[in-house]
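K.L.:
Take a look at this one; I'll ask things after.
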Amino acid sequence: MPQTLYDKIWNEHIVYQHDDGTTLLYVDRHLVHEVTSPQAFEGLRLSNRKVRKPNLTLAVADHNVPTTNRSKGIEDQDSKIQVEELEKNCREFGIEIFGMNDKRQGIVHIIGPEQGFTQPGTVIVCGDSHTATHGAFGSLAFGIGTSEVEHVLATQTLIQKKSKNFRINITGNLLTGVTAKDVILQTIGKIGTAGGTGMVIEYAGTVIENLSIEQRMTICNMSIEAGAKAGLIAPDEKTFKYLKGKPKSPKNENWDKAVAYWSKLKSDSSAKFDQEVEINGKDINPMVTWGTSPQDVVSITESVPDPEKEKDEDKKKSIIRSLEYMGLKPNTKITDIKVDRIFIGSCTNGRIEDLRDSAKIIKGKKVAEHVNAMVVPGSGLVKQQAEEEGIDKIFKEAGFDWREPGCSMCLAMNADKLNPKERCASTSNRNFEGRQGRGGRTHLVSPTMAAAAAIAGHLTDVRKFKN
Amino acid sequence: MKKFDILVGIPANLSMINIDTDMIIPKQFLKTIKRTGLGKNLFFEMRYDDNEKKIEDFVLNKEPYNNSSILLTGKNFGCGSSREHAPWALLDFGIRCIISSSFADIFYNNCFKNGMLPLILEQKKIDEIIEYSKRKQNIEINLTKQEIKFGNKLIKFTIDKFKKNCLLNGTDDIAMSLEKKEEIKLYEDSLKKNKPWIN
């Protein structure tokens with residue numbers, strides 16, 4: 001029977017299957033961070049269990065770490081305890097960890113690919129919903145809760161039921177100035193924040209094929225914002241090239257064996273999908289969110305929606321609440337929205353290409369006077385690479401703050417946060433109420449759109465932005 | 001894990017759609033290394049004003065809903081992050097059953113791991129319970145029989161059999177999976193042979 005890529009990976013990882021389809025699924029790669037793991041390790045200790053496969057597990061502290069000078073450690077006591085707890089747990093259970101001062105430290109979903117820990121055809125889990133990022137390599141990668149983290153640590157498996165197959169075809173080509181971030185924002189706008197619930201999304205089509213691996217990560221990263229279990233993209237030559245020579249990539253004869261196996265990882269041409277959606281690349285514009293859900297999205301050329309035009313009562317209520325929270329009036333032109341803060345970073349857009357692209361926009365310009373802008377590289381290695389290329393200087397000369405790597409203001413668990421009513425153009429993934437700080441107002445955009453907004457001082461169409 | 005069989009309680013109605021995990025428990029409370037103690041900060045930003053004073057007309061601040069063990073809510077409940085702190089906070093507050101027309105996947109699974117029942121019903125049926133909740137009277141949820149009783153009404157619900165049994169028995173998932181350690185070992189042996197690069 002013809003199979004989808006998801007079917008193939010799923011079938012290859014079945015350890016045991018119950019009659020009703022409940023499956024014990026093998027996990028090849030487990031990423032661990034400080035926020036969702038302490039209770040899991042504590043659970044192991046209480047029941048006197050060990051970590052079954054420490055060598056398939058990699059840990060890093062990212063959510064809580066300061067992005068300013070780290071020489072004095074972490075000021076916030078609770079954050080400090082959580083980071084220290086992770087280090088202690090990793091020592092006790094024999095798990096490799098990139099400590100806060102290791103140059104490889106960074107956001108868990110950036111370091112996995114960077115180290116070659118992320119590989120095609122694997123099942124990858126992490127106690128973090130943006131684990132879907134790794135699907136860009138053709139792996140089945142999804143977020144889990146802390147109880148499941150404990151389950152994976154103890155058994156290297158998970159109890160799962162199979163999801164449905166959903167294919168999103170992005171055909172044709174993208175217009176100039178349109179990025180992977182715009183593709184995924186438009187997709188979420190189209191299918192809705194629960195559009196992928198109970199499904200694994202495979203992204204396909206010429207637009208996806210033409211994207212770089214880093215751009216593919218941006219797409220897969222936000223699968224969870226469409227409610228999907230996971231998002232994935234079939235691996236190709238670009239994938240293999242990206243992984244070749246990475247510290248944890250297969251070596252020597254194992255590399256050849258791995259590539260031979262990876263090359264077969266694609267959906268059969270006659271495979272059946274439970275749902276399919278097609279979007280033509282030329283219909284995608286630079287996108288901006290106006291509300292408090294990632295599906296609240298419009299093109300930069302449009303205006304804030306008018307709840308009076310919404311017929312569905314629940315949706316109308318939700319728009320009114322969002323606009324009140326966001327401090328926006330219906331029918332305001334998006335380009336008339338002034339911003340106070342800019343955040344470039346996160347597991348969605350904190351990679352080297354994101355920094356290169358936004359640096360091109362701001363080169364030789366200055367951040368608008370009323371705007372406070374920051375760049376948080378996704379990892380120590382991204383930061384180092386950017387500094388070698390002189391990108392840090394471009395940002396600093398323009399007036400951006402150049403920070404140490406971490407999750408930072410994507411979720412504002414560390415000191416980086418919005419003040420009430422502050423408005424931010426952010427390259428992160430969630431615009432929920434309070435996400436970037438209580439009362440903070442988030443507009444999700446691409447890195448180039450964020451860079452353009454920093455200079456203009458308001459949301460602006462990067463395509464009309466004069467260099 | 002605490003068993004779930006019959007739950008009797010007054011349902012509280014929070015009929016917003018797309019309630020995300022940041023709303024259920026904001027990030028400043030994720031710095032804990034414990035599972036307990038999160039209940040007081042459940043729905044923090046909706047429940048307390050800027051001076052951390054209780055907002056009186058928020059449903060869970062009102063008698064008798066401040067003692068509710070059942071939450072009625074809008075579709076796509078629990079969307080967003082994977083934080084198990086969301087079900088922990090609900091549980092610590094005293095809520096053991098959440099009724100919605102749909103849930104986000106990770107949140108849904110996380111509930112079962114904590115002896116909580118996320119119940120999916122058609123909106124029409126939820127609306128009936130919402131109407132009844134105004135009486136501030138108990139309703140009964142019977143997992144074995146898969147039914148909800150309120151007044152003289154009875155609503156049947158469906159649930160995955162495997163998950164139902166885990167709740168009824170209070171199953172320790174990890175112990176159950178470790179019973180398959182032979183199968184896991186066999187799988188790992190074949191992995192070594194067929195995909196040596198994984199290890």
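Note on naming: chains are A, B, ... as they come in the structure tokens, residues start from 1 per chain, ligands start from 1 in the order shown.
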Can you check which residues of chain A have any atom within 7 Å of chain B? Use only C-alpha atoms and format it as a ChimeraX atom specification.

P.N.:
/A:15-16,28,35-36,38-39,56,78-79,82,127-129,143-147,151,155,194,197-198,225,227,229,250,254,258,413,435

K.L.:
Can you spit out the residues from that selection as an mmCIF file, in the first residue's frame, using C-alpha atoms?

P.N.:
data_model
loop_
_atom_site.group_PDB
_atom_site.id
_atom_site.type_symbol
_atom_site.label_atom_id
_atom_site.label_comp_id
_atom_site.auth_asym_id
_atom_site.auth_seq_id
_atom_site.Cartn_x
_atom_site.Cartn_y
_atom_site.Cartn_z
ATOM 1 C CA VAL A 15 8.009 -1.298 19.245
ATOM 2 C CA TYR A 16 4.663 -2.773 20.198
ATOM 3 C CA ASP A 28 15.673 8.181 18.545
ATOM 4 C CA VAL A 35 11.620 24.298 32.276
ATOM 5 C CA THR A 36 9.815 21.056 31.467
ATOM 6 C CA PRO A 38 12.829 18.991 36.655
ATOM 7 C CA GLN A 39 9.621 17.179 37.640
ATOM 8 C CA LEU A 56 20.257 9.598 22.706
ATOM 9 C CA ASP A 78 13.930 30.846 40.579
ATOM 10 C CA SER A 79 15.509 30.895 37.122
ATOM 11 C CA GLN A 82 15.918 25.760 37.449
ATOM 12 C CA GLY A 127 9.190 18.937 26.288
ATOM 13 C CA ASP A 128 8.507 21.916 24.082
ATOM 14 C CA SER A 129 5.823 22.490 21.484
ATOM 15 C CA GLY A 143 6.404 18.368 21.666
ATOM 16 C CA ILE A 144 5.484 16.420 24.784
ATOM 17 C CA GLY A 145 4.513 17.177 28.371
ATOM 18 C CA THR A 146 6.667 16.563 31.417
ATOM 19 C CA SER A 147 5.092 13.180 32.254
ATOM 20 C CA HIS A 151 8.419 8.301 30.136
ATOM 21 C CA THR A 155 11.873 3.800 28.461
ATOM 22 C CA ALA A 194 -6.867 24.299 15.170
ATOM 23 C CA THR A 197 -5.418 19.263 15.233
ATOM 24 C CA GLY A 198 -4.908 15.489 15.247
ATOM 25 C CA GLU A 225 0.433 27.239 15.818
ATOM 26 C CA GLY A 227 -2.602 22.906 15.997
ATOM 27 C CA LYS A 229 0.992 17.215 16.022
ATOM 28 C CA PRO A 250 26.921 10.034 10.936
ATOM 29 C CA ASN A 254 27.684 5.200 8.455
ATOM 30 C CA ALA A 258 22.459 6.926 6.363
ATOM 31 C CA MET A 413 10.701 33.986 31.061
ATOM 32 C CA ARG A 435 3.135 36.169 25.990
#

K.L.:
Do you know which residues are at most 7 Å from Asp268 of chain A counting only C-alpha atoms, after dropping those on the same chain fewer than 5 positions away, and could you put them as a PyMOL selection string?

P.N.:
chain A and resi 2-4

K.L.:
Quick one: everything within 10 Å of Met222 of chain A, counting only C-alpha atoms, minus sequence neighbours fewer than 3 positions away in the same chain. Send it as a list in words.

P.N.:
Ser129, His130, Thr131, Ala132, Thr133, Lys181, Ile184, Leu185, Thr187, Ile188, Met217, Thr218, Ile219, Glu225, Ala226, Gly227, Ala228, Ala230, Gly231, Pro294, Cys347, Thr348, Ser428, Asn429 and Arg430 of chain A

K.L.:
For the residues selected in the previous step, produce a file with N, CA and C atoms as an mmCIF file, in the first residue's frame.

P.N.:
data_model
loop_
_atom_site.group_PDB
_atom_site.id
_atom_site.type_symbol
_atom_site.label_atom_id
_atom_site.label_comp_id
_atom_site.auth_asym_id
_atom_site.auth_seq_id
_atom_site.Cartn_x
_atom_site.Cartn_y
_atom_site.Cartn_z
ATOM 1 N N SER A 129 6.714 22.646 22.638
ATOM 2 C CA SER A 129 5.823 22.490 21.484
ATOM 3 C C SER A 129 6.481 22.850 20.156
ATOM 4 N N HIS A 130 7.568 23.600 20.181
ATOM 5 C CA HIS A 130 8.200 23.963 18.911
ATOM 6 C C HIS A 130 9.186 22.924 18.400
ATOM 7 N N THR A 131 9.111 21.732 18.988
ATOM 8 C CA THR A 131 9.926 20.606 18.531
ATOM 9 C C THR A 131 9.660 20.310 17.059
ATOM 10 N N ALA A 132 8.489 20.689 16.590
ATOM 11 C CA ALA A 132 8.143 20.483 15.175
ATOM 12 C C ALA A 132 9.198 21.057 14.226
ATOM 13 N N THR A 133 9.999 22.023 14.715
ATOM 14 C CA THR A 133 11.077 22.621 13.916
ATOM 15 C C THR A 133 11.915 21.557 13.193
ATOM 16 N N LYS A 181 8.550 32.820 6.726
ATOM 17 C CA LYS A 181 7.682 33.231 7.831
ATOM 18 C C LYS A 181 6.312 33.655 7.301
ATOM 19 N N ILE A 184 4.234 30.556 6.315
ATOM 20 C CA ILE A 184 3.589 29.820 7.411
ATOM 21 C C ILE A 184 2.504 30.675 8.076
ATOM 22 N N LEU A 185 2.725 31.985 8.179
ATOM 23 C CA LEU A 185 1.677 32.843 8.767
ATOM 24 C C LEU A 185 0.427 32.816 7.889
ATOM 25 N N THR A 187 -0.449 30.450 5.867
ATOM 26 C CA THR A 187 -1.022 29.103 5.969
ATOM 27 C C THR A 187 -1.873 28.974 7.238
ATOM 28 N N ILE A 188 -1.349 29.472 8.356
ATOM 29 C CA ILE A 188 -2.102 29.397 9.616
ATOM 30 C C ILE A 188 -3.379 30.236 9.515
ATOM 31 N N MET A 217 12.924 25.176 8.382
ATOM 32 C CA MET A 217 12.748 25.072 9.845
ATOM 33 C C MET A 217 11.719 26.093 10.329
ATOM 34 N N THR A 218 11.757 27.294 9.750
ATOM 35 C CA THR A 218 10.786 28.335 10.133
ATOM 36 C C THR A 218 9.357 27.845 9.863
ATOM 37 N N ILE A 219 9.190 27.177 8.725
ATOM 38 C CA ILE A 219 7.852 26.675 8.358
ATOM 39 C C ILE A 219 7.411 25.593 9.351
ATOM 40 N N GLU A 225 1.354 26.091 15.826
ATOM 41 C CA GLU A 225 0.433 27.239 15.818
ATOM 42 C C GLU A 225 -0.776 26.963 14.924
ATOM 43 N N ALA A 226 -0.654 25.931 14.075
ATOM 44 C CA ALA A 226 -1.819 25.482 13.301
ATOM 45 C C ALA A 226 -2.452 24.278 13.995
ATOM 46 N N GLY A 227 -2.010 23.987 15.212
ATOM 47 C CA GLY A 227 -2.602 22.906 15.997
ATOM 48 C C GLY A 227 -2.106 21.513 15.647
ATOM 49 N N ALA A 228 -1.156 21.404 14.714
ATOM 50 C CA ALA A 228 -0.739 20.079 14.243
ATOM 51 C C ALA A 228 0.153 19.363 15.256
ATOM 52 N N ALA A 230 2.676 17.550 14.331
ATOM 53 C CA ALA A 230 4.026 17.783 13.819
ATOM 54 C C ALA A 230 3.915 18.330 12.407
ATOM 55 N N GLY A 231 5.033 18.866 11.909
ATOM 56 C CA GLY A 231 5.101 19.277 10.512
ATOM 57 C C GLY A 231 6.382 18.720 9.953
ATOM 58 N N PRO A 294 -2.169 33.348 16.510
ATOM 59 C CA PRO A 294 -1.386 33.390 15.269
ATOM 60 C C PRO A 294 -2.259 33.337 14.003
ATOM 61 N N CYS A 347 13.333 30.417 18.206
ATOM 62 C CA CYS A 347 13.545 29.191 17.431
ATOM 63 C C CYS A 347 12.884 29.287 16.071
ATOM 64 N N THR A 348 12.022 30.274 15.875
ATOM 65 C CA THR A 348 11.385 30.470 14.573
ATOM 66 C C THR A 348 12.326 31.221 13.634
ATOM 67 N N SER A 428 9.077 36.129 16.608
ATOM 68 C CA SER A 428 8.807 34.888 17.335
ATOM 69 C C SER A 428 7.537 34.218 16.795
ATOM 70 N N ASN A 429 6.932 33.340 17.575
ATOM 71 C CA ASN A 429 5.865 32.488 17.050
ATOM 72 C C ASN A 429 4.505 32.654 17.712
ATOM 73 N N ARG A 430 4.422 33.361 18.831
ATOM 74 C CA ARG A 430 3.132 33.465 19.502
ATOM 75 C C ARG A 430 2.825 34.906 19.885
#

K.L.:
Per DSSP on the backbone, what are the alpha helix (DSSP H) residues of segment 55-198 of chain B, as a PyMOL selection string?

P.N.:
chain B and resi 85-93+105-112+123-133+161-169+173-178+181-194

K.L.:
Write a file of the selected residues as a PDB file, in the first residue's frame, keeping C-alpha atoms.

P.N.:
ATOM      1  CA  HIS B  85       1.995  23.220  34.243  1.00  0.00           C
ATOM      2  CA  ALA B  86      -1.378  23.980  32.580  1.00  0.00           C
ATOM      3  CA  PRO B  87      -3.127  20.767  33.707  1.00  0.00           C
ATOM      4  CA  TRP B  88      -1.125  20.886  36.988  1.00  0.00           C
ATOM      5  CA  ALA B  89      -2.536  24.364  37.707  1.00  0.00           C
ATOM      6  CA  LEU B  90      -6.098  23.289  36.895  1.00  0.00           C
ATOM      7  CA  LEU B  91      -5.734  20.191  39.061  1.00  0.00           C
ATOM      8  CA  ASP B  92      -4.179  22.115  41.923  1.00  0.00           C
ATOM      9  CA  PHE B  93      -7.140  24.506  41.781  1.00  0.00           C
ATOM     10  CA  ASP B 105      -3.370  17.651  21.264  1.00  0.00           C
ATOM     11  CA  ILE B 106      -0.550  18.063  23.767  1.00  0.00           C
ATOM     12  CA  PHE B 107      -2.793  19.540  26.447  1.00  0.00           C
ATOM     13  CA  TYR B 108      -5.326  16.778  25.886  1.00  0.00           C
ATOM     14  CA  ASN B 109      -2.709  14.067  26.420  1.00  0.00           C
ATOM     15  CA  ASN B 110      -1.175  15.843  29.391  1.00  0.00           C
ATOM     16  CA  CYS B 111      -4.535  15.725  31.210  1.00  0.00           C
ATOM     17  CA  PHE B 112      -4.718  11.938  31.129  1.00  0.00           C
ATOM     18  CA  GLN B 123     -21.316  22.411  21.381  1.00  0.00           C
ATOM     19  CA  LYS B 124     -25.115  21.924  21.524  1.00  0.00           C
ATOM     20  CA  LYS B 125     -24.747  19.535  24.448  1.00  0.00           C
ATOM     21  CA  ILE B 126     -22.233  21.792  26.175  1.00  0.00           C
ATOM     22  CA  ASP B 127     -24.734  24.643  25.838  1.00  0.00           C
ATOM     23  CA  GLU B 128     -27.281  22.569  27.764  1.00  0.00           C
ATOM     24  CA  ILE B 129     -24.817  22.057  30.604  1.00  0.00           C
ATOM     25  CA  ILE B 130     -23.893  25.771  30.504  1.00  0.00           C
ATOM     26  CA  GLU B 131     -27.575  26.611  30.963  1.00  0.00           C
ATOM     27  CA  TYR B 132     -27.777  24.165  33.858  1.00  0.00           C
ATOM     28  CA  SER B 133     -24.589  25.543  35.452  1.00  0.00           C
ATOM     29  CA  LYS B 161     -10.944   2.872  25.433  1.00  0.00           C
ATOM     30  CA  PHE B 162      -7.251   2.676  26.258  1.00  0.00           C
ATOM     31  CA  LYS B 163      -7.251   6.123  27.840  1.00  0.00           C
ATOM     32  CA  LYS B 164     -10.452   5.358  29.724  1.00  0.00           C
ATOM     33  CA  ASN B 165      -8.948   2.253  31.289  1.00  0.00           C
ATOM     34  CA  CYS B 166      -5.794   4.109  32.264  1.00  0.00           C
ATOM     35  CA  LEU B 167      -7.925   6.693  34.096  1.00  0.00           C
ATOM     36  CA  LEU B 168     -10.178   4.129  35.750  1.00  0.00           C
ATOM     37  CA  ASN B 169      -7.205   2.113  36.993  1.00  0.00           C
ATOM     38  CA  ASP B 173       2.262   4.518  32.158  1.00  0.00           C
ATOM     39  CA  ILE B 174       5.959   4.014  32.668  1.00  0.00           C
ATOM     40  CA  ALA B 175       5.513   0.773  34.594  1.00  0.00           C
ATOM     41  CA  MET B 176       3.182  -0.430  31.846  1.00  0.00           C
ATOM     42  CA  SER B 177       5.700   0.364  29.117  1.00  0.00           C
ATOM     43  CA  LEU B 178       8.534  -1.211  31.073  1.00  0.00           C
ATOM     44  CA  LYS B 181      11.198  -4.162  27.990  1.00  0.00           C
ATOM     45  CA  GLU B 182      11.909  -7.322  25.989  1.00  0.00           C
ATOM     46  CA  GLU B 183      10.260  -5.753  22.939  1.00  0.00           C
ATOM     47  CA  ILE B 184      12.202  -2.521  23.481  1.00  0.00           C
ATOM     48  CA  LYS B 185      15.437  -4.500  23.705  1.00  0.00           C
ATOM     49  CA  LEU B 186      14.639  -6.373  20.490  1.00  0.00           C
ATOM     50  CA  TYR B 187      13.877  -3.101  18.741  1.00  0.00           C
ATOM     51  CA  GLU B 188      17.175  -1.616  19.886  1.00  0.00           C
ATOM     52  CA  ASP B 189      19.079  -4.684  18.692  1.00  0.00           C
ATOM     53  CA  SER B 190      17.598  -4.359  15.226  1.00  0.00           C
ATOM     54  CA  LEU B 191      18.320  -0.620  15.274  1.00  0.00           C
ATOM     55  CA  LYS B 192      21.987  -1.305  15.930  1.00  0.00           C
ATOM     56  CA  LYS B 193      22.068  -3.610  12.925  1.00  0.00           C
ATOM     57  CA  ASN B 194      19.947  -1.617  10.473  1.00  0.00           C
TER      58      ASN B 194
END

K.L.:
Kindly give the distance, in Å, that separates atom CA of Arg403 of chain A and atom CA of Arg423 of chain A, rounded to a single decimal.

P.N.:
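Taking atom CA of Arg403 of chain A and atom CA of Arg423 of chain A, their separation equals 20.1 Å.
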
K.L.:
As a count of residues only, please: the residues near Gly291 of chain A (cut-off 7 Å, only C-alpha atoms, same-chain neighbours under 4 positions excluded).

P.N.:
4

K.L.:
Which residues come within 10 Å of Asn101 of chain A, counting only C-alpha atoms, excluding same-chain residues fewer than 4 positions away, as a list in words?

P.N.:
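Using only C-alpha atoms, the neighbours found are Arg70, Ser71, Gly73, Gln105 and Gly380 of chain A.
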
K.L.:
Rounded to one decimal, what separation in Å do you get between atom CA of Thr157 of chain A and atom CA of Leu38 of chain B?

P.N.:
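Spanning atom CA of Thr157 of chain A to atom CA of Leu38 of chain B is a straight-line distance of 28.6 Å.
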
K.L.:
If we count only C-alpha atoms, what is near Asn414 of chain A at a cut-off of 7 Å, once residues fewer than 5 positions away on the same chain are taken out, given as a ChimeraX atom specification?

P.N.:
/A:64-66,408

K.L.:
Could you please take those selected residues and save N, CA and C atoms as a PDB file, in the first residue's frame?

P.N.:
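The result, written out as part32.pdb:
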ATOM      1  N   ASN A  64      15.342  30.234  30.394  1.00  0.00           N
ATOM      2  CA  ASN A  64      15.558  31.089  31.558  1.00  0.00           C
ATOM      3  C   ASN A  64      16.841  31.897  31.547  1.00  0.00           C
ATOM      4  N   VAL A  65      17.694  31.661  30.569  1.00  0.00           N
ATOM      5  CA  VAL A  65      19.040  32.235  30.655  1.00  0.00           C
ATOM      6  C   VAL A  65      19.036  33.731  30.325  1.00  0.00           C
ATOM      7  N   PRO A  66      19.883  34.508  30.993  1.00  0.00           N
ATOM      8  CA  PRO A  66      19.945  35.932  30.672  1.00  0.00           C
ATOM      9  C   PRO A  66      20.602  36.128  29.305  1.00  0.00           C
ATOM     10  N   SER A 408      14.717  34.166  25.287  1.00  0.00           N
ATOM     11  CA  SER A 408      14.536  35.600  25.491  1.00  0.00           C
ATOM     12  C   SER A 408      13.076  36.027  25.420  1.00  0.00           C
TER      13      SER A 408
END

K.L.:
Could you go through segment 201-377 of chain A and tell me which residues DSSP, when run on the backbone, assigns to strand (DSSP E), listing them as a ChimeraX atom specification?

P.N.:
/A:201-204,230-232,275-280,287-289,297-299,341-344,372-375

K.L.:
Which polymer residues have any atom within 12 Å of an atom of Arg321 of chain A, counting only C-alpha atoms, with same-chain residues fewer than 4 positions away left out, as a PyMOL selection string?

P.N.:
(chain A and resi 291-293+307+314-317+325-330+432-433) or (chain B and resi 16-17)

K.L.:
Figure out the distance between atom CA of Ile300 of chain A and atom CA of Ile352 of chain A, please, to one decimal in Å.

P.N.:
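If I compute the distance from atom CA of Ile352 of chain A to atom CA of Ile300 of chain A, I get 24.7 Å.
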
K.L.:
Which of these residues is nearest to Ser267 of chain A, using only C-alpha atoms: A:Gly177, A:Pro305, A:Gly138, A:Pro113?

P.N.:
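For Ser267 of chain A, the nearest of the given residues is A:Gly138.
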